[in-house]
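Engineer: Here it is, the structure in full.
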2 protein chains.
Amino acid sequence: MRLNGRLTIAAVGKIKSRAWLAAQDDYVKRLRRYTTLDLIEVKDVVGRRIPDDVAMAKEGEQLLRATSDSHRLIALTPTGKMQTSPNLAKWLQKRVEGYGRIAFLIGGPLGFSDDVLAACHEQISLSPLTFTHEMARILLLEQLYRACTILAGEQYHK
Amino acid sequence: MRLNGRLTIAAVGKIKSRAWLAAQDDYVKRLRRYTTLDLIEVKDVVGRRIPDDVAMAKEGEQLLRATSDSHRLIALTPTGKMQTSPNLAKWLQKRVEGYGRIAFLIGGPLGFSDDVLAACHEQISLSPLTFTHEMARILLLEQLYRACTILAGEQYHK
């Protein structure tokens, strides 16, 4: 069963380590068996000789430009809604049925500007723990893949 | 600042994918700058032509054999205590000061036998989401490393 929507992940910065890149490629490939997925990386500017709030604003502008108004915008934040994997799967199905295009936004190390948070329709969280941004991206990909297999009634062997 | 204890991670099964192995090696190396760490992999027997409960019992016996009675035993379970990274760091410090030797047990895909759960002094959880066992291991390693950097008052640049 395919998920009849279009998922976008828009993230700040590139994944640098080879291990995490390989994990990302693996899950992107798997996810595309179930749904249409776009992965967009915008430039990270934090720490580049500009004040943090200016950098966050610039990163936020890029994230919002990368995702059109027609998207349901979901921000990954530490205080967002947490749920189990089966509930995340149901939640995802409802979003896809209701909105068609869903975009997940992953911020840089400093998080999101107020503009991004105001533009997002929902916030979700993967854990109360803080992860690296690389890990957050892989975890999200893995959970989306897991959600697709749950919705397809398949057993996920890993 | 080093953590004056001895941490053990006892996990069911080997990590197979190269990407996750590289991530594991990276975090093990980093963690050993801060503390003594043993990583023990016991044989996974689930799915090998024996009933699940028998397999879980066998895996559990191996986990308990790999960790001596002198350890504070902590099981990673979906229903264990969840906390933020700074609180996990404080929690870890107290455990190390109080008990010296701490062992984290990570089960196989079916989880733990009742014997293991009865033997464990505490249960912790990384997220309400279900992860692969490979990911759970990497997440635990990363959080232990993060805890060490927090306790050392260092900034964790990743």
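Ordering of the structure tokens sets the chain letters (A, B, ...); residue numbers start at 1 within each chain; ligands are numbered from 1 in the order shown.
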Chain B superposed on chain A over all ordered C-alpha pairs, least squares: can you write that as a PDB file with C-alpha atoms, in the first residue's frame?

Structural biologist:
```
ATOM      1  CA  MET B   1      -0.017  -0.007   0.047  1.00  0.00           C
ATOM      2  CA  ARG B   2       1.349   3.376  -0.923  1.00  0.00           C
ATOM      3  CA  LEU B   3       0.759   6.517   1.052  1.00  0.00           C
ATOM      4  CA  ASN B   4      -1.024   8.814  -1.416  1.00  0.00           C
ATOM      5  CA  GLY B   5       0.590  12.031  -0.382  1.00  0.00           C
ATOM      6  CA  ARG B   6       3.832  13.844  -0.790  1.00  0.00           C
ATOM      7  CA  LEU B   7       6.221  14.071   2.120  1.00  0.00           C
ATOM      8  CA  THR B   8       8.940  16.685   2.311  1.00  0.00           C
ATOM      9  CA  ILE B   9      11.725  16.870   4.839  1.00  0.00           C
ATOM     10  CA  ALA B  10      13.389  20.284   4.939  1.00  0.00           C
ATOM     11  CA  ALA B  11      16.440  20.352   7.174  1.00  0.00           C
ATOM     12  CA  VAL B  12      19.124  22.860   8.060  1.00  0.00           C
ATOM     13  CA  GLY B  13      22.610  21.775   7.110  1.00  0.00           C
ATOM     14  CA  LYS B  14      24.168  18.805   5.423  1.00  0.00           C
ATOM     15  CA  ILE B  15      24.926  15.473   7.015  1.00  0.00           C
ATOM     16  CA  LYS B  16      28.691  15.208   7.063  1.00  0.00           C
ATOM     17  CA  SER B  17      29.590  11.845   8.516  1.00  0.00           C
ATOM     18  CA  ARG B  18      29.671   8.944   6.111  1.00  0.00           C
ATOM     19  CA  ALA B  19      27.922   6.624   8.539  1.00  0.00           C
ATOM     20  CA  TRP B  20      24.893   8.890   8.891  1.00  0.00           C
ATOM     21  CA  LEU B  21      24.819   9.598   5.161  1.00  0.00           C
ATOM     22  CA  ALA B  22      24.639   5.867   4.471  1.00  0.00           C
ATOM     23  CA  ALA B  23      21.814   5.481   6.991  1.00  0.00           C
ATOM     24  CA  GLN B  24      19.984   8.414   5.415  1.00  0.00           C
ATOM     25  CA  ASP B  25      20.315   6.999   1.893  1.00  0.00           C
ATOM     26  CA  ASP B  26      19.074   3.637   3.092  1.00  0.00           C
ATOM     27  CA  TYR B  27      15.912   5.022   4.681  1.00  0.00           C
ATOM     28  CA  VAL B  28      15.191   7.446   1.827  1.00  0.00           C
ATOM     29  CA  LYS B  29      15.347   4.531  -0.607  1.00  0.00           C
ATOM     30  CA  ARG B  30      13.079   2.400   1.586  1.00  0.00           C
ATOM     31  CA  LEU B  31      10.563   5.196   2.149  1.00  0.00           C
ATOM     32  CA  ARG B  32      10.249   5.873  -1.568  1.00  0.00           C
ATOM     33  CA  ARG B  33       8.786   2.391  -2.018  1.00  0.00           C
ATOM     34  CA  TYR B  34       5.798   3.621   0.000  1.00  0.00           C
ATOM     35  CA  THR B  35       5.412   7.302  -0.767  1.00  0.00           C
ATOM     36  CA  THR B  36       6.767  10.321  -2.601  1.00  0.00           C
ATOM     37  CA  LEU B  37       9.547  11.897  -0.582  1.00  0.00           C
ATOM     38  CA  ASP B  38      11.563  15.049  -1.117  1.00  0.00           C
ATOM     39  CA  LEU B  39      14.567  15.746   1.048  1.00  0.00           C
ATOM     40  CA  ILE B  40      15.701  19.370   0.995  1.00  0.00           C
ATOM     41  CA  GLU B  41      18.793  20.657   2.759  1.00  0.00           C
ATOM     42  CA  VAL B  42      19.082  24.380   3.323  1.00  0.00           C
ATOM     43  CA  LYS B  43      22.338  26.138   4.167  1.00  0.00           C
ATOM     44  CA  ASP B  44      23.292  26.377   7.822  1.00  0.00           C
ATOM     45  CA  VAL B  45      24.524  29.845   8.677  1.00  0.00           C
ATOM     46  CA  VAL B  46      24.734  29.625  12.476  1.00  0.00           C
ATOM     47  CA  GLY B  47      28.207  30.390  13.768  1.00  0.00           C
ATOM     48  CA  ARG B  48      29.371  32.154  10.602  1.00  0.00           C
ATOM     49  CA  ARG B  49      30.273  35.497  12.096  1.00  0.00           C
ATOM     50  CA  ILE B  50      26.691  36.686  12.337  1.00  0.00           C
ATOM     51  CA  PRO B  51      24.617  36.931  15.507  1.00  0.00           C
ATOM     52  CA  ASP B  52      22.677  33.791  16.365  1.00  0.00           C
ATOM     53  CA  ASP B  53      19.249  35.377  16.007  1.00  0.00           C
ATOM     54  CA  VAL B  54      20.103  36.705  12.555  1.00  0.00           C
ATOM     55  CA  ALA B  55      21.437  33.300  11.540  1.00  0.00           C
ATOM     56  CA  MET B  56      18.327  31.523  12.832  1.00  0.00           C
ATOM     57  CA  ALA B  57      16.119  33.975  10.960  1.00  0.00           C
ATOM     58  CA  LYS B  58      18.058  33.331   7.743  1.00  0.00           C
ATOM     59  CA  GLU B  59      17.834  29.576   8.166  1.00  0.00           C
ATOM     60  CA  GLY B  60      14.127  29.905   8.914  1.00  0.00           C
ATOM     61  CA  GLU B  61      13.497  31.952   5.767  1.00  0.00           C
ATOM     62  CA  GLN B  62      15.151  29.274   3.687  1.00  0.00           C
ATOM     63  CA  LEU B  63      13.090  26.514   5.321  1.00  0.00           C
ATOM     64  CA  LEU B  64       9.864  28.379   4.636  1.00  0.00           C
ATOM     65  CA  ARG B  65      10.897  29.175   1.075  1.00  0.00           C
ATOM     66  CA  ALA B  66      11.676  25.491   0.485  1.00  0.00           C
ATOM     67  CA  THR B  67       8.168  24.464   1.542  1.00  0.00           C
ATOM     68  CA  SER B  68       5.207  26.023  -0.200  1.00  0.00           C
ATOM     69  CA  ASP B  69       2.055  27.409   1.440  1.00  0.00           C
ATOM     70  CA  SER B  70       0.191  24.326   0.301  1.00  0.00           C
ATOM     71  CA  HIS B  71       2.112  22.155   2.767  1.00  0.00           C
ATOM     72  CA  ARG B  72       0.985  21.113   6.164  1.00  0.00           C
ATOM     73  CA  LEU B  73       4.033  22.299   8.108  1.00  0.00           C
ATOM     74  CA  ILE B  74       5.269  20.198  11.009  1.00  0.00           C
ATOM     75  CA  ALA B  75       8.220  21.347  13.095  1.00  0.00           C
ATOM     76  CA  LEU B  76      10.390  18.911  15.052  1.00  0.00           C
ATOM     77  CA  THR B  77      10.863  20.554  18.448  1.00  0.00           C
ATOM     78  CA  PRO B  78      11.879  19.287  21.914  1.00  0.00           C
ATOM     79  CA  THR B  79       8.473  20.312  23.308  1.00  0.00           C
ATOM     80  CA  GLY B  80       6.309  18.996  20.459  1.00  0.00           C
ATOM     81  CA  LYS B  81       3.779  16.207  20.710  1.00  0.00           C
ATOM     82  CA  MET B  82       5.300  12.816  21.541  1.00  0.00           C
ATOM     83  CA  GLN B  83       3.584   9.575  20.685  1.00  0.00           C
ATOM     84  CA  THR B  84       4.185   5.869  20.144  1.00  0.00           C
ATOM     85  CA  SER B  85       5.085   4.532  16.686  1.00  0.00           C
ATOM     86  CA  PRO B  86       1.613   3.027  16.002  1.00  0.00           C
ATOM     87  CA  ASN B  87      -0.012   6.330  16.946  1.00  0.00           C
ATOM     88  CA  LEU B  88       2.460   8.271  14.829  1.00  0.00           C
ATOM     89  CA  ALA B  89       1.457   6.048  11.898  1.00  0.00           C
ATOM     90  CA  LYS B  90      -2.244   6.823  12.396  1.00  0.00           C
ATOM     91  CA  TRP B  91      -1.440  10.501  12.861  1.00  0.00           C
ATOM     92  CA  LEU B  92       0.540  10.497   9.592  1.00  0.00           C
ATOM     93  CA  GLN B  93      -2.249   8.793   7.687  1.00  0.00           C
ATOM     94  CA  LYS B  94      -4.773  11.403   8.846  1.00  0.00           C
ATOM     95  CA  ARG B  95      -2.454  14.239   7.862  1.00  0.00           C
ATOM     96  CA  VAL B  96      -1.845  12.752   4.412  1.00  0.00           C
ATOM     97  CA  GLU B  97      -5.558  12.163   3.854  1.00  0.00           C
ATOM     98  CA  GLY B  98      -6.445  15.623   5.099  1.00  0.00           C
ATOM     99  CA  TYR B  99      -3.712  17.699   3.527  1.00  0.00           C
ATOM    100  CA  GLY B 100      -1.896  15.700   0.837  1.00  0.00           C
ATOM    101  CA  ARG B 101       1.401  17.501   1.190  1.00  0.00           C
ATOM    102  CA  ILE B 102       3.197  17.339   4.492  1.00  0.00           C
ATOM    103  CA  ALA B 103       6.502  19.017   5.256  1.00  0.00           C
ATOM    104  CA  PHE B 104       8.648  18.210   8.267  1.00  0.00           C
ATOM    105  CA  LEU B 105      11.049  20.940   9.292  1.00  0.00           C
ATOM    106  CA  ILE B 106      14.268  20.125  11.152  1.00  0.00           C
ATOM    107  CA  GLY B 107      16.167  23.111  12.502  1.00  0.00           C
ATOM    108  CA  GLY B 108      19.855  23.670  13.096  1.00  0.00           C
ATOM    109  CA  PRO B 109      21.631  23.436  16.467  1.00  0.00           C
ATOM    110  CA  LEU B 110      19.939  26.607  17.732  1.00  0.00           C
ATOM    111  CA  GLY B 111      16.448  25.565  16.757  1.00  0.00           C
ATOM    112  CA  PHE B 112      13.815  27.598  14.961  1.00  0.00           C
ATOM    113  CA  SER B 113      13.165  31.310  14.667  1.00  0.00           C
ATOM    114  CA  ASP B 114       9.810  32.581  15.930  1.00  0.00           C
ATOM    115  CA  ASP B 115       8.730  33.086  12.322  1.00  0.00           C
ATOM    116  CA  VAL B 116       9.130  29.396  11.570  1.00  0.00           C
ATOM    117  CA  LEU B 117       7.310  28.340  14.723  1.00  0.00           C
ATOM    118  CA  ALA B 118       4.466  30.740  13.900  1.00  0.00           C
ATOM    119  CA  ALA B 119       4.217  29.358  10.348  1.00  0.00           C
ATOM    120  CA  CYS B 120       4.136  25.711  11.430  1.00  0.00           C
ATOM    121  CA  HIS B 121       0.750  24.096  11.977  1.00  0.00           C
ATOM    122  CA  GLU B 122       2.012  21.493  14.403  1.00  0.00           C
ATOM    123  CA  GLN B 123       5.045  20.530  16.438  1.00  0.00           C
ATOM    124  CA  ILE B 124       6.133  16.984  17.111  1.00  0.00           C
ATOM    125  CA  SER B 125       8.940  15.548  19.200  1.00  0.00           C
ATOM    126  CA  LEU B 126      10.836  12.276  18.872  1.00  0.00           C
ATOM    127  CA  SER B 127      12.013  12.125  22.474  1.00  0.00           C
ATOM    128  CA  PRO B 128      12.530  14.310  25.528  1.00  0.00           C
ATOM    129  CA  LEU B 129      16.256  13.714  24.958  1.00  0.00           C
ATOM    130  CA  THR B 130      18.346  16.058  22.848  1.00  0.00           C
ATOM    131  CA  PHE B 131      19.876  14.418  19.794  1.00  0.00           C
ATOM    132  CA  THR B 132      22.299  15.685  17.201  1.00  0.00           C
ATOM    133  CA  HIS B 133      20.592  17.088  14.129  1.00  0.00           C
ATOM    134  CA  GLU B 134      21.935  14.235  12.087  1.00  0.00           C
ATOM    135  CA  MET B 135      20.326  11.720  14.419  1.00  0.00           C
ATOM    136  CA  ALA B 136      17.040  13.607  14.527  1.00  0.00           C
ATOM    137  CA  ARG B 137      16.893  13.386  10.764  1.00  0.00           C
ATOM    138  CA  ILE B 138      17.652   9.667  10.662  1.00  0.00           C
ATOM    139  CA  LEU B 139      15.166   8.989  13.473  1.00  0.00           C
ATOM    140  CA  LEU B 140      12.452  10.884  11.620  1.00  0.00           C
ATOM    141  CA  LEU B 141      13.190   8.982   8.401  1.00  0.00           C
ATOM    142  CA  GLU B 142      13.126   5.690  10.249  1.00  0.00           C
ATOM    143  CA  GLN B 143       9.848   6.516  11.990  1.00  0.00           C
ATOM    144  CA  LEU B 144       8.220   7.590   8.717  1.00  0.00           C
ATOM    145  CA  TYR B 145       9.365   4.329   7.151  1.00  0.00           C
ATOM    146  CA  ARG B 146       8.114   2.400  10.161  1.00  0.00           C
ATOM    147  CA  ALA B 147       4.776   4.250   9.902  1.00  0.00           C
ATOM    148  CA  CYS B 148       4.460   3.224   6.235  1.00  0.00           C
ATOM    149  CA  THR B 149       5.109  -0.425   7.059  1.00  0.00           C
ATOM    150  CA  ILE B 150       2.595  -0.258   9.924  1.00  0.00           C
ATOM    151  CA  LEU B 151      -0.053   1.295   7.650  1.00  0.00           C
ATOM    152  CA  ALA B 152       0.681  -1.329   4.986  1.00  0.00           C
ATOM    153  CA  GLY B 153       0.162  -4.028   7.616  1.00  0.00           C
ATOM    154  CA  GLU B 154       3.668  -5.335   7.058  1.00  0.00           C
ATOM    155  CA  GLN B 155       6.120  -6.656   9.532  1.00  0.00           C
ATOM    156  CA  TYR B 156       9.186  -4.520   9.821  1.00  0.00           C
ATOM    157  CA  HIS B 157      12.149  -6.826  10.048  1.00  0.00           C
ATOM    158  CA  LYS B 158      14.953  -4.903  11.669  1.00  0.00           C
TER     159      LYS B 158
END
```

Engineer: Can you tell me, as number ranges by chain, which residues in range 4-153 of chain A count as strand (DSSP E) by DSSP?

Structural biologist: A: 6-12, 36-42, 72-81, 101-106, 122-124

Engineer: Assign secondary structure with DSSP using the backbone only, and return the residues of chain A in helix (DSSP H, G or I) as a PyMOL selection string.

Structural biologist: chain A and resi 18-31+52-66+85-99+114-119+133-151
